[in-house]
file final.txt (compact mmCIF, C-alpha atoms)
# COMPACT_ATOMS: atom_id res chain seq x y z
CA LEU A 1 -35.14 73.99 -135.01
CA VAL A 2 -37.12 73.45 -131.80
CA CYS A 3 -38.11 75.81 -129.02
CA VAL A 4 -39.10 74.38 -125.63
CA ARG A 5 -41.30 76.35 -123.25
CA VAL A 6 -41.84 75.16 -119.67
CA ARG A 7 -45.41 75.02 -118.38
CA ARG A 8 -46.18 77.66 -115.74
CA GLN A 9 -42.78 79.29 -116.40
CA ARG A 10 -41.29 81.47 -119.11
CA GLN A 11 -38.02 79.56 -119.52
CA MET A 12 -37.06 78.46 -123.02
CA TRP A 13 -34.41 76.36 -124.65
CA ILE A 14 -33.57 77.04 -128.30
CA SER A 15 -30.77 75.41 -130.27
CA ASP A 16 -29.77 78.81 -131.71
CA ARG A 17 -31.23 81.87 -130.02
CA HIS A 18 -30.77 84.01 -133.14
CA GLU A 19 -33.13 81.89 -135.25
CA VAL A 20 -36.91 81.57 -135.27
CA PRO A 21 -38.06 78.15 -134.02
CA GLY A 22 -39.99 75.93 -136.40
CA ARG A 23 -41.92 74.30 -133.57
CA VAL A 24 -42.69 75.06 -129.92
CA LEU A 25 -42.92 72.26 -127.34
CA VAL A 26 -44.49 72.73 -123.90
CA LEU A 27 -42.91 70.67 -121.12
CA ASP A 28 -43.53 70.38 -117.38
CA SER A 29 -39.84 70.91 -116.54
CA LEU A 30 -36.34 71.15 -117.95
CA PRO A 31 -33.53 68.75 -117.00
CA LEU A 32 -30.89 70.49 -114.90
CA THR A 33 -27.22 69.87 -114.27
CA ALA A 34 -25.79 69.44 -110.77
CA ASN A 35 -25.12 73.21 -110.85
CA GLY A 36 -28.76 74.01 -111.51
CA LYS A 37 -28.27 75.01 -115.16
CA VAL A 38 -30.31 73.64 -118.05
CA ASP A 39 -28.82 70.31 -119.16
CA THR A 40 -29.03 70.92 -122.91
CA LYS A 41 -27.55 67.52 -123.79
CA ALA A 42 -30.19 65.66 -121.77
CA LEU A 43 -32.92 67.94 -123.14
CA ALA A 44 -31.83 67.34 -126.73
CA ALA A 45 -31.96 63.57 -126.10
CA SER A 46 -35.41 63.67 -124.49
CA PRO A 47 -38.23 61.81 -126.27
CA GLU A 48 -40.27 64.98 -126.80
CA VAL A 49 -37.46 66.90 -128.51
CA ALA A 50 -36.28 63.86 -130.46
CA ALA A 51 -39.80 63.30 -131.79
CA ALA A 52 -40.01 66.93 -132.93
CA ARG A 53 -37.00 66.69 -135.19
CA PRO A 54 -37.87 66.57 -138.88
CA ALA A 55 -37.42 63.27 -140.68
CA GLY A 56 -34.46 62.83 -143.01
CA PRO A 57 -34.73 62.88 -146.79
CA TYR A 58 -36.70 60.08 -148.44
CA VAL A 59 -34.57 57.29 -149.92
CA ALA A 60 -36.45 54.69 -151.93
CA PRO A 61 -35.94 51.06 -150.81
CA ALA A 62 -33.69 49.20 -153.25
CA GLY A 63 -34.01 45.50 -154.02
CA PRO A 64 -36.59 42.90 -153.05
CA THR A 65 -35.62 42.62 -149.36
CA GLU A 66 -35.75 46.36 -148.69
CA GLU A 67 -38.99 46.65 -150.64
CA TRP A 68 -40.67 43.81 -148.71
CA LEU A 69 -39.36 45.16 -145.41
CA ALA A 70 -40.61 48.66 -146.22
CA GLU A 71 -44.15 47.32 -146.62
CA ALA A 72 -43.96 45.27 -143.40
CA TRP A 73 -42.30 48.16 -141.57
CA GLY A 74 -44.90 50.69 -142.68
CA THR A 75 -47.75 48.38 -141.69
CA ALA A 76 -46.26 47.60 -138.26
CA LEU A 77 -45.53 51.25 -137.51
CA LYS A 78 -48.85 52.46 -138.98
CA TYR A 79 -47.50 54.82 -141.61
CA PRO A 80 -50.34 56.76 -143.29
CA ASP A 81 -48.78 55.76 -146.63
CA VAL A 82 -46.41 52.77 -146.71
CA SER A 83 -45.02 54.00 -150.03
CA GLN A 84 -43.32 56.75 -148.01
CA VAL A 85 -41.22 54.37 -145.91
CA SER A 86 -37.59 55.35 -146.51
CA ALA A 87 -34.59 53.03 -146.52
CA GLU A 88 -33.02 55.49 -144.07
CA ASP A 89 -35.89 55.41 -141.57
CA ASP A 90 -34.99 54.53 -137.98
CA PHE A 91 -37.27 52.10 -136.15
CA PHE A 92 -37.22 53.94 -132.84
CA ALA A 93 -37.44 57.43 -134.32
CA CYS A 94 -40.56 56.26 -136.17
CA GLY A 95 -42.31 55.23 -132.95
CA GLY A 96 -41.23 51.60 -132.61
CA ASN A 97 -41.75 49.90 -129.26
CA SER A 98 -41.36 46.45 -127.74
CA LEU A 99 -44.58 44.98 -129.13
CA VAL A 100 -43.95 46.29 -132.63
CA SER A 101 -40.33 45.11 -132.61
CA VAL A 102 -41.24 41.56 -131.57
CA ALA A 103 -44.03 41.37 -134.14
CA LEU A 104 -41.80 42.72 -136.93
CA ILE A 105 -38.86 40.39 -136.23
CA ASN A 106 -41.17 37.38 -135.95
CA ARG A 107 -42.80 38.29 -139.28
CA ILE A 108 -39.36 38.64 -140.90
CA ASN A 109 -38.26 35.23 -139.61
CA ARG A 110 -41.43 33.54 -140.85
CA HIS A 111 -41.23 35.12 -144.30
CA PHE A 112 -37.51 34.67 -144.97
CA GLY A 113 -36.85 31.55 -142.90
CA THR A 114 -34.24 33.47 -140.90
CA ARG A 115 -33.45 33.15 -137.20
CA LEU A 116 -32.86 36.79 -136.34
CA ALA A 117 -32.73 37.41 -132.60
CA LEU A 118 -35.29 39.83 -131.18
CA GLN A 119 -32.54 42.22 -130.10
CA VAL A 120 -31.35 42.70 -133.69
CA ILE A 121 -33.60 45.76 -133.92
CA PHE A 122 -31.34 47.52 -131.39
CA GLU A 123 -28.23 46.68 -133.43
CA ALA A 124 -29.76 47.55 -136.81
CA PRO A 125 -32.58 50.06 -136.21
CA ARG A 126 -32.27 51.60 -139.71
CA LEU A 127 -34.37 49.86 -142.36
CA ARG A 128 -31.47 49.51 -144.78
CA ASP A 129 -29.24 47.95 -142.12
CA LEU A 130 -31.95 45.55 -140.99
CA ALA A 131 -32.49 44.44 -144.59
CA ALA A 132 -28.75 43.75 -144.85
CA ARG A 133 -28.97 41.53 -141.75
CA ILE A 134 -31.80 39.60 -143.41
CA ASP A 135 -29.71 39.08 -146.56
CA ASP A 136 -26.62 38.00 -144.65
CA ASP A 137 -26.19 34.27 -145.31
CA ALA A 138 -24.10 33.78 -142.15
CA PRO A 139 -25.20 36.44 -139.67
CA ALA A 140 -23.00 37.01 -136.63
CA PRO A 141 -24.51 35.90 -133.32
CA ALA A 142 -26.45 38.75 -131.78
CA SER A 143 -25.09 40.09 -128.52
CA ARG A 144 -27.42 40.18 -125.53
CA LEU A 145 -26.05 43.67 -124.80
CA VAL A 146 -28.37 46.06 -126.58
CA PRO A 147 -27.58 49.77 -127.08
CA LEU A 148 -30.02 52.01 -125.23
CA ALA A 149 -27.79 55.08 -125.66
CA ARG A 150 -24.78 54.97 -127.97
CA GLU A 151 -22.85 58.15 -127.30
CA GLY A 152 -20.61 59.03 -124.38
CA GLY A 153 -17.09 59.93 -123.44
CA PHE A 154 -16.76 57.52 -120.53
CA SER A 155 -17.01 53.76 -119.98
CA PRO A 156 -20.43 52.15 -120.52
CA VAL A 157 -23.29 51.64 -118.12
CA PHE A 158 -24.61 48.06 -118.03
CA CYS A 159 -28.27 47.88 -117.08
CA TRP A 160 -30.51 44.87 -116.32
CA PRO A 161 -34.29 44.98 -117.03
CA GLY A 162 -37.04 43.58 -114.84
CA LEU A 163 -38.82 40.22 -114.94
CA GLY A 164 -39.17 38.94 -118.48
CA GLY A 165 -35.73 40.20 -119.39
CA TYR A 166 -36.51 42.33 -122.47
CA PRO A 167 -34.75 45.73 -122.11
CA MET A 168 -36.96 47.77 -124.46
CA ASN A 169 -38.64 49.58 -121.55
CA LEU A 170 -35.23 50.89 -120.45
CA ARG A 171 -34.80 52.93 -123.66
CA LEU A 172 -36.28 56.14 -122.27
CA LEU A 173 -34.01 55.97 -119.24
CA GLY A 174 -30.98 55.28 -121.44
CA ARG A 175 -31.80 58.23 -123.70
CA THR A 176 -32.60 60.73 -120.94
CA ALA A 177 -30.04 59.76 -118.30
CA GLY A 178 -27.52 62.31 -119.63
CA VAL A 179 -24.48 60.71 -117.95
CA ASP A 180 -22.12 60.97 -120.97
CA ARG A 181 -21.81 57.20 -121.24
CA PRO A 182 -23.12 54.56 -123.61
CA VAL A 183 -25.92 52.65 -121.87
CA LEU A 184 -26.23 48.93 -122.68
CA GLY A 185 -29.25 46.89 -121.63
CA ILE A 186 -28.68 43.22 -120.84
CA GLN A 187 -31.31 40.99 -122.41
CA ALA A 188 -32.15 37.77 -120.58
CA HIS A 189 -30.98 34.46 -121.99
CA GLY A 190 -34.14 32.58 -122.92
CA ILE A 191 -36.08 35.19 -124.92
CA ASN A 192 -35.02 33.87 -128.32
CA ALA A 193 -36.26 30.55 -129.66
CA ASP A 194 -32.95 28.67 -129.28
CA GLU A 195 -32.24 29.79 -125.69
CA THR A 196 -33.01 28.31 -122.28
CA PRO A 197 -33.23 30.48 -119.13
CA TYR A 198 -30.49 30.01 -116.55
CA GLY A 199 -31.60 28.16 -113.46
CA THR A 200 -30.03 30.32 -110.74
CA ILE A 201 -29.21 33.96 -110.22
CA ARG A 202 -25.55 33.00 -109.84
CA GLU A 203 -25.55 31.42 -113.33
CA MET A 204 -27.39 34.41 -114.80
CA ALA A 205 -24.88 36.88 -113.43
CA ARG A 206 -21.89 34.77 -114.46
CA ALA A 207 -23.12 34.53 -118.07
CA ASP A 208 -23.98 38.24 -118.16
CA ILE A 209 -20.52 39.16 -116.87
CA ALA A 210 -19.02 37.16 -119.73
CA GLU A 211 -21.06 39.29 -122.15
CA ILE A 212 -20.00 42.48 -120.37
CA ARG A 213 -16.32 41.59 -120.53
CA ARG A 214 -16.49 41.18 -124.29
CA VAL A 215 -17.26 44.91 -124.39
CA GLN A 216 -15.24 46.06 -121.37
CA PRO A 217 -12.61 43.49 -120.32
CA TYR A 218 -11.56 45.31 -117.15
CA GLY A 219 -13.10 47.64 -114.57
CA PRO A 220 -14.05 49.91 -113.11
CA TYR A 221 -17.63 48.98 -113.99
CA THR A 222 -20.92 50.86 -113.66
CA LEU A 223 -23.93 48.61 -113.07
CA TRP A 224 -27.63 49.48 -112.91
CA GLY A 225 -30.54 47.15 -112.35
CA TYR A 226 -34.28 47.77 -112.52
CA SER A 227 -36.79 45.75 -110.45
CA PHE A 228 -35.78 42.08 -110.62
CA GLY A 229 -32.72 43.23 -112.57
CA ALA A 230 -31.48 44.91 -109.37
CA ARG A 231 -30.87 41.44 -107.93
CA VAL A 232 -28.85 40.39 -110.96
CA ALA A 233 -26.89 43.66 -110.89
CA PHE A 234 -26.09 43.13 -107.20
CA GLU A 235 -24.95 39.53 -107.82
CA ALA A 236 -22.85 40.65 -110.80
CA ALA A 237 -21.20 43.37 -108.69
CA TRP A 238 -20.31 40.83 -106.03
CA GLN A 239 -18.92 38.35 -108.57
CA LEU A 240 -16.85 41.05 -110.27
CA GLU A 241 -15.39 42.18 -106.95
CA GLU A 242 -14.67 38.55 -106.04
CA ALA A 243 -12.70 38.39 -109.30
CA GLY A 244 -10.63 41.41 -108.24
CA GLU A 245 -12.46 44.02 -110.35
CA LYS A 246 -13.74 47.40 -109.17
CA VAL A 247 -17.38 48.44 -109.44
CA GLU A 248 -17.50 52.23 -109.20
CA ASN A 249 -21.29 52.59 -109.02
CA LEU A 250 -24.12 50.15 -108.30
CA LEU A 251 -27.57 51.66 -108.85
CA LEU A 252 -30.54 49.51 -107.78
CA ILE A 253 -33.71 50.98 -109.28
CA CYS A 254 -37.06 49.92 -107.79
CA PRO A 255 -35.65 46.72 -106.25
CA GLY A 256 -38.85 46.20 -104.24
CA ASN A 257 -41.96 44.54 -105.63
CA PRO A 258 -45.06 46.58 -106.48
CA LYS A 259 -47.82 45.82 -104.00
CA VAL A 260 -50.50 43.64 -105.57
CA ARG A 261 -53.80 42.17 -104.41
CA GLY A 262 -53.30 38.94 -102.52
CA GLY A 263 -49.55 39.47 -102.43
CA THR A 264 -48.88 38.79 -98.77
CA ALA A 265 -50.67 35.58 -97.95
CA ARG A 266 -48.70 33.12 -100.07
CA GLY A 267 -45.35 34.82 -100.61
CA ARG A 268 -43.40 34.48 -103.86
CA GLU A 269 -44.87 31.34 -105.38
CA VAL A 270 -45.11 30.37 -109.05
CA SER A 271 -48.74 29.30 -109.31
CA TYR A 272 -51.40 30.19 -111.84
CA THR A 273 -53.97 29.90 -109.07
CA ASP A 274 -52.19 32.66 -107.13
CA PRO A 275 -53.64 36.04 -108.18
CA ALA A 276 -50.47 37.83 -106.99
CA TYR A 277 -48.27 35.81 -109.35
CA VAL A 278 -50.65 36.15 -112.28
CA THR A 279 -50.85 39.91 -111.65
CA ILE A 280 -47.06 40.31 -111.74
CA LEU A 281 -46.86 38.11 -114.84
CA PHE A 282 -49.59 40.21 -116.49
CA SER A 283 -47.61 43.37 -115.71
CA VAL A 284 -44.58 42.05 -117.61
CA PHE A 285 -46.63 42.28 -120.82
CA THR A 286 -48.75 45.35 -120.04
CA GLY A 287 -46.81 47.52 -117.56
CA THR A 288 -49.73 47.75 -115.12
CA ILE A 289 -51.13 45.84 -112.13
CA GLU A 290 -54.70 47.09 -112.32
CA GLY A 291 -57.62 47.60 -114.65
CA PRO A 292 -60.39 45.58 -116.36
CA ASP A 293 -57.94 43.68 -118.58
CA LEU A 294 -56.21 42.35 -115.47
CA ASP A 295 -59.56 41.31 -113.98
CA ALA A 296 -60.39 39.44 -117.20
CA CYS A 297 -56.95 37.81 -117.19
CA LEU A 298 -57.37 36.60 -113.62
CA ALA A 299 -60.77 35.17 -114.49
CA ALA A 300 -59.45 33.40 -117.61
CA THR A 301 -56.20 31.99 -116.19
CA ARG A 302 -55.97 28.57 -114.59
CA ASP A 303 -52.69 27.42 -116.11
CA GLU A 304 -49.90 28.53 -118.47
CA ASP A 305 -51.92 27.74 -121.60
CA GLY A 306 -54.84 29.86 -120.42
CA PHE A 307 -52.56 32.79 -119.58
CA VAL A 308 -50.71 32.62 -122.90
CA ALA A 309 -53.96 32.45 -124.85
CA TYR A 310 -55.39 35.44 -122.99
CA VAL A 311 -52.32 37.62 -123.52
CA HIS A 312 -52.26 36.71 -127.21
CA ARG A 313 -55.90 37.80 -127.55
CA LEU A 314 -55.12 41.01 -125.67
CA VAL A 315 -51.89 41.71 -127.59
CA PRO A 316 -52.19 39.98 -130.99
CA ALA A 317 -48.85 41.44 -132.10
CA LEU A 318 -47.16 38.98 -129.74
CA ASP A 319 -47.20 35.41 -131.02
CA GLU A 320 -47.92 32.64 -128.53
CA ALA A 321 -44.43 31.13 -128.76
CA THR A 322 -42.82 34.42 -127.70
CA ILE A 323 -45.35 34.92 -124.90
CA ARG A 324 -44.62 31.41 -123.65
CA ARG A 325 -40.84 31.95 -123.66
CA ILE A 326 -41.12 35.18 -121.70
CA THR A 327 -43.61 33.54 -119.34
CA ARG A 328 -41.15 30.73 -118.64
CA ILE A 329 -38.32 33.20 -117.95
CA VAL A 330 -40.57 34.81 -115.34
CA ALA A 331 -41.49 31.40 -113.90
CA THR A 332 -37.80 30.53 -113.60
CA THR A 333 -36.71 33.81 -112.04
CA TYR A 334 -39.76 34.88 -109.97
CA GLU A 335 -38.72 32.97 -106.88
CA PHE A 336 -35.06 34.02 -107.08
CA ASP A 337 -34.29 35.71 -103.79
CA TYR A 338 -31.47 35.84 -101.30
CA THR A 339 -31.73 34.38 -97.86
CA PHE A 340 -30.36 36.68 -95.18
CA ARG A 341 -27.36 34.34 -94.92
CA GLU A 342 -26.66 34.55 -98.66
CA LEU A 343 -26.98 38.33 -98.62
CA ALA A 344 -24.62 38.62 -95.66
CA GLU A 345 -22.07 36.55 -97.60
CA ARG A 346 -22.22 39.00 -100.49
CA THR A 347 -20.72 42.17 -99.06
CA VAL A 348 -19.85 44.60 -101.85
CA SER A 349 -17.43 47.51 -101.66
CA ALA A 350 -19.09 49.46 -104.47
CA PRO A 351 -21.11 52.53 -103.47
CA VAL A 352 -24.76 51.42 -103.58
CA THR A 353 -27.71 53.71 -104.37
CA VAL A 354 -31.25 52.42 -103.98
CA PHE A 355 -34.02 54.25 -105.86
CA LYS A 356 -37.30 53.38 -104.16
CA ALA A 357 -40.53 53.84 -106.09
CA ARG A 358 -43.70 55.11 -104.49
CA GLY A 359 -45.84 52.25 -103.18
CA ASP A 360 -43.26 49.49 -103.57
CA ASP A 361 -43.01 46.72 -101.02
CA TYR A 362 -39.75 45.99 -99.22
CA SER A 363 -36.79 44.95 -101.37
CA PHE A 364 -34.34 42.10 -100.96
CA LEU A 365 -31.97 44.58 -99.27
CA GLU A 366 -34.31 45.70 -96.51
CA GLY A 367 -34.31 43.83 -93.23
CA SER A 368 -30.67 42.84 -93.71
CA SER A 369 -27.36 44.54 -93.17
CA GLY A 370 -23.74 43.96 -93.99
CA TYR A 371 -24.24 43.59 -97.74
CA SER A 372 -22.34 46.84 -98.34
CA THR A 373 -19.18 48.14 -96.69
CA ALA A 374 -20.79 51.59 -96.53
CA PRO A 375 -24.48 52.36 -95.89
CA PRO A 376 -26.38 52.66 -99.17
CA THR A 377 -27.86 55.95 -100.29
CA VAL A 378 -31.66 55.67 -100.53
CA VAL A 379 -33.50 57.96 -102.95
CA ASP A 380 -37.30 58.10 -102.70
CA LEU A 381 -39.10 58.65 -106.01
CA ALA A 382 -42.51 60.22 -106.53
CA GLY A 383 -43.22 57.85 -109.43
CA ASP A 384 -44.55 54.31 -109.01
CA HIS A 385 -42.83 51.07 -109.99
CA TYR A 386 -43.86 51.24 -113.66
CA GLY A 387 -44.22 54.98 -114.13
CA VAL A 388 -40.56 55.75 -113.39
CA LEU A 389 -39.60 54.28 -116.79
CA LYS A 390 -42.40 55.99 -118.71
CA GLU A 391 -42.55 59.52 -120.06
CA GLU A 392 -44.39 60.83 -117.00
CA GLY A 393 -41.77 59.60 -114.54
CA VAL A 394 -38.47 59.01 -116.29
CA GLY A 395 -37.43 62.66 -116.05
CA GLU A 396 -37.44 62.50 -112.25
CA LEU A 397 -35.51 59.21 -112.25
CA ALA A 398 -32.97 60.49 -114.79
CA ALA A 399 -32.37 63.65 -112.75
CA ARG A 400 -31.78 61.63 -109.57
CA VAL A 401 -29.45 59.29 -111.45
CA ARG A 402 -27.41 62.26 -112.70
CA GLU A 403 -27.07 63.55 -109.15
CA VAL A 404 -25.42 60.25 -108.25
CA MET A 405 -23.36 59.73 -111.38
CA LEU A 406 -22.09 63.17 -112.37
CA PRO A 407 -19.71 63.64 -109.41
CA THR A 408 -17.81 60.56 -110.65
CA LEU A 409 -17.31 61.93 -114.18

call {"tool": "encode", "arguments": {"input": "final.txt", "output": "structure tokens"}}
result
Amino acid sequence: LVCVRVRRQRQMWISDRHEVPGRVLVLDSLPLTANGKVDTKALAASPEVAAARPAGPYVAPAGPTEEWLAEAWGTALKYPDVSQVSAEDDFFACGGNSLVSVALINRINRHFGTRLALQVIFEAPRLRDLAARIDDDAPAPASRLVPLAREGGFSPVFCWPGLGGYPMNLRLLGRTAGVDRPVLGIQAHGINADETPYGTIREMARADIAEIRRVQPYGPYTLWGYSFGARVAFEAAWQLEEAGEKVENLLLICPGNPKVRGGTARGREVSYTDPAYVTILFSVFTGTIEGPDLDACLAATRDEDGFVAYVHRLVPALDEATIRRITRIVATTYEFDYTFRELAERTVSAPVTVFKARGDDYSFLEGSSGYSTAPPTVVDLAGDHYGVLKEEGVGELAARVREVMLPTL
């Protein structure tokens, strides 16, 4: 039982007002519905409240795979006592993030000789279920659609991540959006060892639509895209409409580039001697475009090998092969952009909402017209390009998303 008190206010949210709360959380604000009432569903799904829930009963790992995984799991997630890792523990509820997930799956594959895809942790976040996937002699191919939020009474949201293509940083948005829909992140082709990135944005969108239609064969579709993913979402919307399908909502989140040092002189060029490119590439792994680690990275990087080696030293949990694959996805996709002619050819009928982060440069949409049959709605955010997906900024983004989405429910 959790009680939530709002800083500087005396509002509270309690799951049962006749009981005494076991813990009090202090938050800056409460999520609200379109009517101005407390959105209890979104609040219950928030990271702070979810983290305050007590863990389930301990269930001892059974068999050699579960026992080995419990030790690796407890070490990766820094349990105070790995003997307390339960077979029912959930990776995300226990604090798992993108770095830990990549390191854990890579360790599993090395130890067991398996070829589990990195996204398997989304499909089997419970320790017992992940152990079963390890033991499966003929595992089913992993979908590139990864569940960010599983529950909802309406058709799914399909959401593309930014450069690098790993949707883990969309989890907070998926969990806090509160739109009564499952939210599925679309992982880039090329992250796993046996995959090669697609060479054009048209190919990327076509392949992603094929994945989407395995889950939802027919429209209307709801598409979101963050950062570079906004370009893929826009292309996918156009291709779906060209195929006769309806897109009921197209949300383009932070489609502009964050402003970086040296970012205007050379344009969008893949070059390890270009500090703007190296800065953006660095941000894919760290979620920031400033600080002493970036300065050290710029000083150490002259080519791909130097960059990969530096990131591996900075983030040892990421093996060099994974860093290199993600780096090559960025190198392939960084220069993807529409010419004004191409954008004018891609007029979409879907209602378009652009969420613009504080400090972002112009997006591929600005400076052009005719790409939408109706003028897009532009929502200015107080958060910056990276902060809008983190705990300090995702609440604002989720609230603005609900304002757009809830009238369609």

call {"tool": "atom_distance", "arguments": {"input": "final.txt", "atom1": "CA of His385 in chain A", "atom2": "CA of Gly359 in chain A"}}
result
7.5 Å

call {"tool": "closest_residue", "arguments": {"input": "final.txt", "among": "A:Gln84, A:Thr333, A:Thr114, A:Ser155", "to": "Glu203 in chain A", "atoms": "only C-alpha atoms"}}
result
A:Thr333

call {"tool": "atom_distance", "arguments": {"input": "final.txt", "atom1": "CA of Asp194 in chain A", "atom2": "CA of Val215 in chain A"}}
result
23.1 Å

call {"tool": "residues_around", "arguments": {"input": "final.txt", "residues": "range 280-290 of chain A", "least_positions_apart": "3", "cutoff": "8 Å", "atoms": "only C-alpha atoms", "output": "list in words"}}
result
Leu163, Gly164, Val260, Ala276, Tyr277, Asp293, Leu294, Asp295, Cys297, Val311, Thr327, Val330 and Tyr386 of chain A

call {"tool": "write_last_selection", "arguments": {"input": "final.txt", "atoms": "C-alpha atoms", "output": "mmCIF file, in the frame of the given file"}}
result
data_model
loop_
_atom_site.group_PDB
_atom_site.id
_atom_site.type_symbol
_atom_site.label_atom_id
_atom_site.label_comp_id
_atom_site.auth_asym_id
_atom_site.auth_seq_id
_atom_site.Cartn_x
_atom_site.Cartn_y
_atom_site.Cartn_z
ATOM 1 C CA LEU A 163 -38.820 40.220 -114.940
ATOM 2 C CA GLY A 164 -39.170 38.940 -118.480
ATOM 3 C CA VAL A 260 -50.500 43.640 -105.570
ATOM 4 C CA ALA A 276 -50.470 37.830 -106.990
ATOM 5 C CA TYR A 277 -48.270 35.810 -109.350
ATOM 6 C CA ASP A 293 -57.940 43.680 -118.580
ATOM 7 C CA LEU A 294 -56.210 42.350 -115.470
ATOM 8 C CA ASP A 295 -59.560 41.310 -113.980
ATOM 9 C CA CYS A 297 -56.950 37.810 -117.190
ATOM 10 C CA VAL A 311 -52.320 37.620 -123.520
ATOM 11 C CA THR A 327 -43.610 33.540 -119.340
ATOM 12 C CA VAL A 330 -40.570 34.810 -115.340
ATOM 13 C CA TYR A 386 -43.860 51.240 -113.660
#

call {"tool": "atom_distance", "arguments": {"input": "final.txt", "atom1": "CA of Pro57 in chain A", "atom2": "CA of Leu148 in chain A"}}
result
24.6 Å

call {"tool": "residues_around", "arguments": {"input": "final.txt", "residues": "Val85 in chain A", "least_positions_apart": "4", "cutoff": "9 Å", "atoms": "only C-alpha atoms", "output": "ChimeraX atom specification"}}
result
/A:58-61,70-71,73-74,79,81,89,127

call {"tool": "axis_aligned_box", "arguments": {"input": "final.txt", "around": "range 269-282 of chain A", "padding_each_side": "8 Å", "output": "AutoDock Vina command-line options"}}
result
--center_x -49.4 --center_y 34.8 --center_z -110.9 --size_x 25.1 --size_y 27.0 --size_z 27.1

call {"tool": "closest_residue", "arguments": {"input": "final.txt", "among": "A:Pro64, A:Pro376, A:Gly383, A:Pro147", "to": "Leu251 in chain A", "atoms": "all atoms listed in the file"}}
result
A:Pro376

call {"tool": "closest_residue", "arguments": {"input": "final.txt", "among": "A:Leu298, A:Ala103, A:Ile253, A:Leu318", "to": "Thr353 in chain A", "atoms": "only C-alpha atoms"}}
result
A:Ile253

call {"tool": "closest_residue", "arguments": {"input": "final.txt", "among": "A:Asp180, A:Thr65, A:Asp380, A:Ala350", "to": "Asp136 in chain A", "atoms": "all atoms listed in the file"}}
result
A:Thr65

call {"tool": "decode", "arguments": {"input": "final.txt", "residues": "range 148-160 of chain A", "atoms": "C-alpha atoms", "output": "compact mmCIF listing (two decimals), in the first residue's frame"}}
result
# COMPACT_ATOMS: atom_id res chain seq x y z
CA LEU A 148 7.12 -1.49 -23.49
CA ALA A 149 3.61 -1.59 -21.99
CA ARG A 150 1.50 -4.75 -22.22
CA GLU A 151 -1.95 -3.76 -21.06
CA GLY A 152 -4.63 -1.80 -22.87
CA GLY A 153 -8.13 -2.02 -24.24
CA PHE A 154 -7.38 -0.52 -27.64
CA SER A 155 -5.12 -1.31 -30.59
CA PRO A 156 -1.34 -1.05 -30.01
CA VAL A 157 0.98 1.90 -30.34
CA PHE A 158 4.07 1.19 -32.46
CA CYS A 159 7.04 3.33 -31.46
CA TRP A 160 10.48 3.74 -33.09
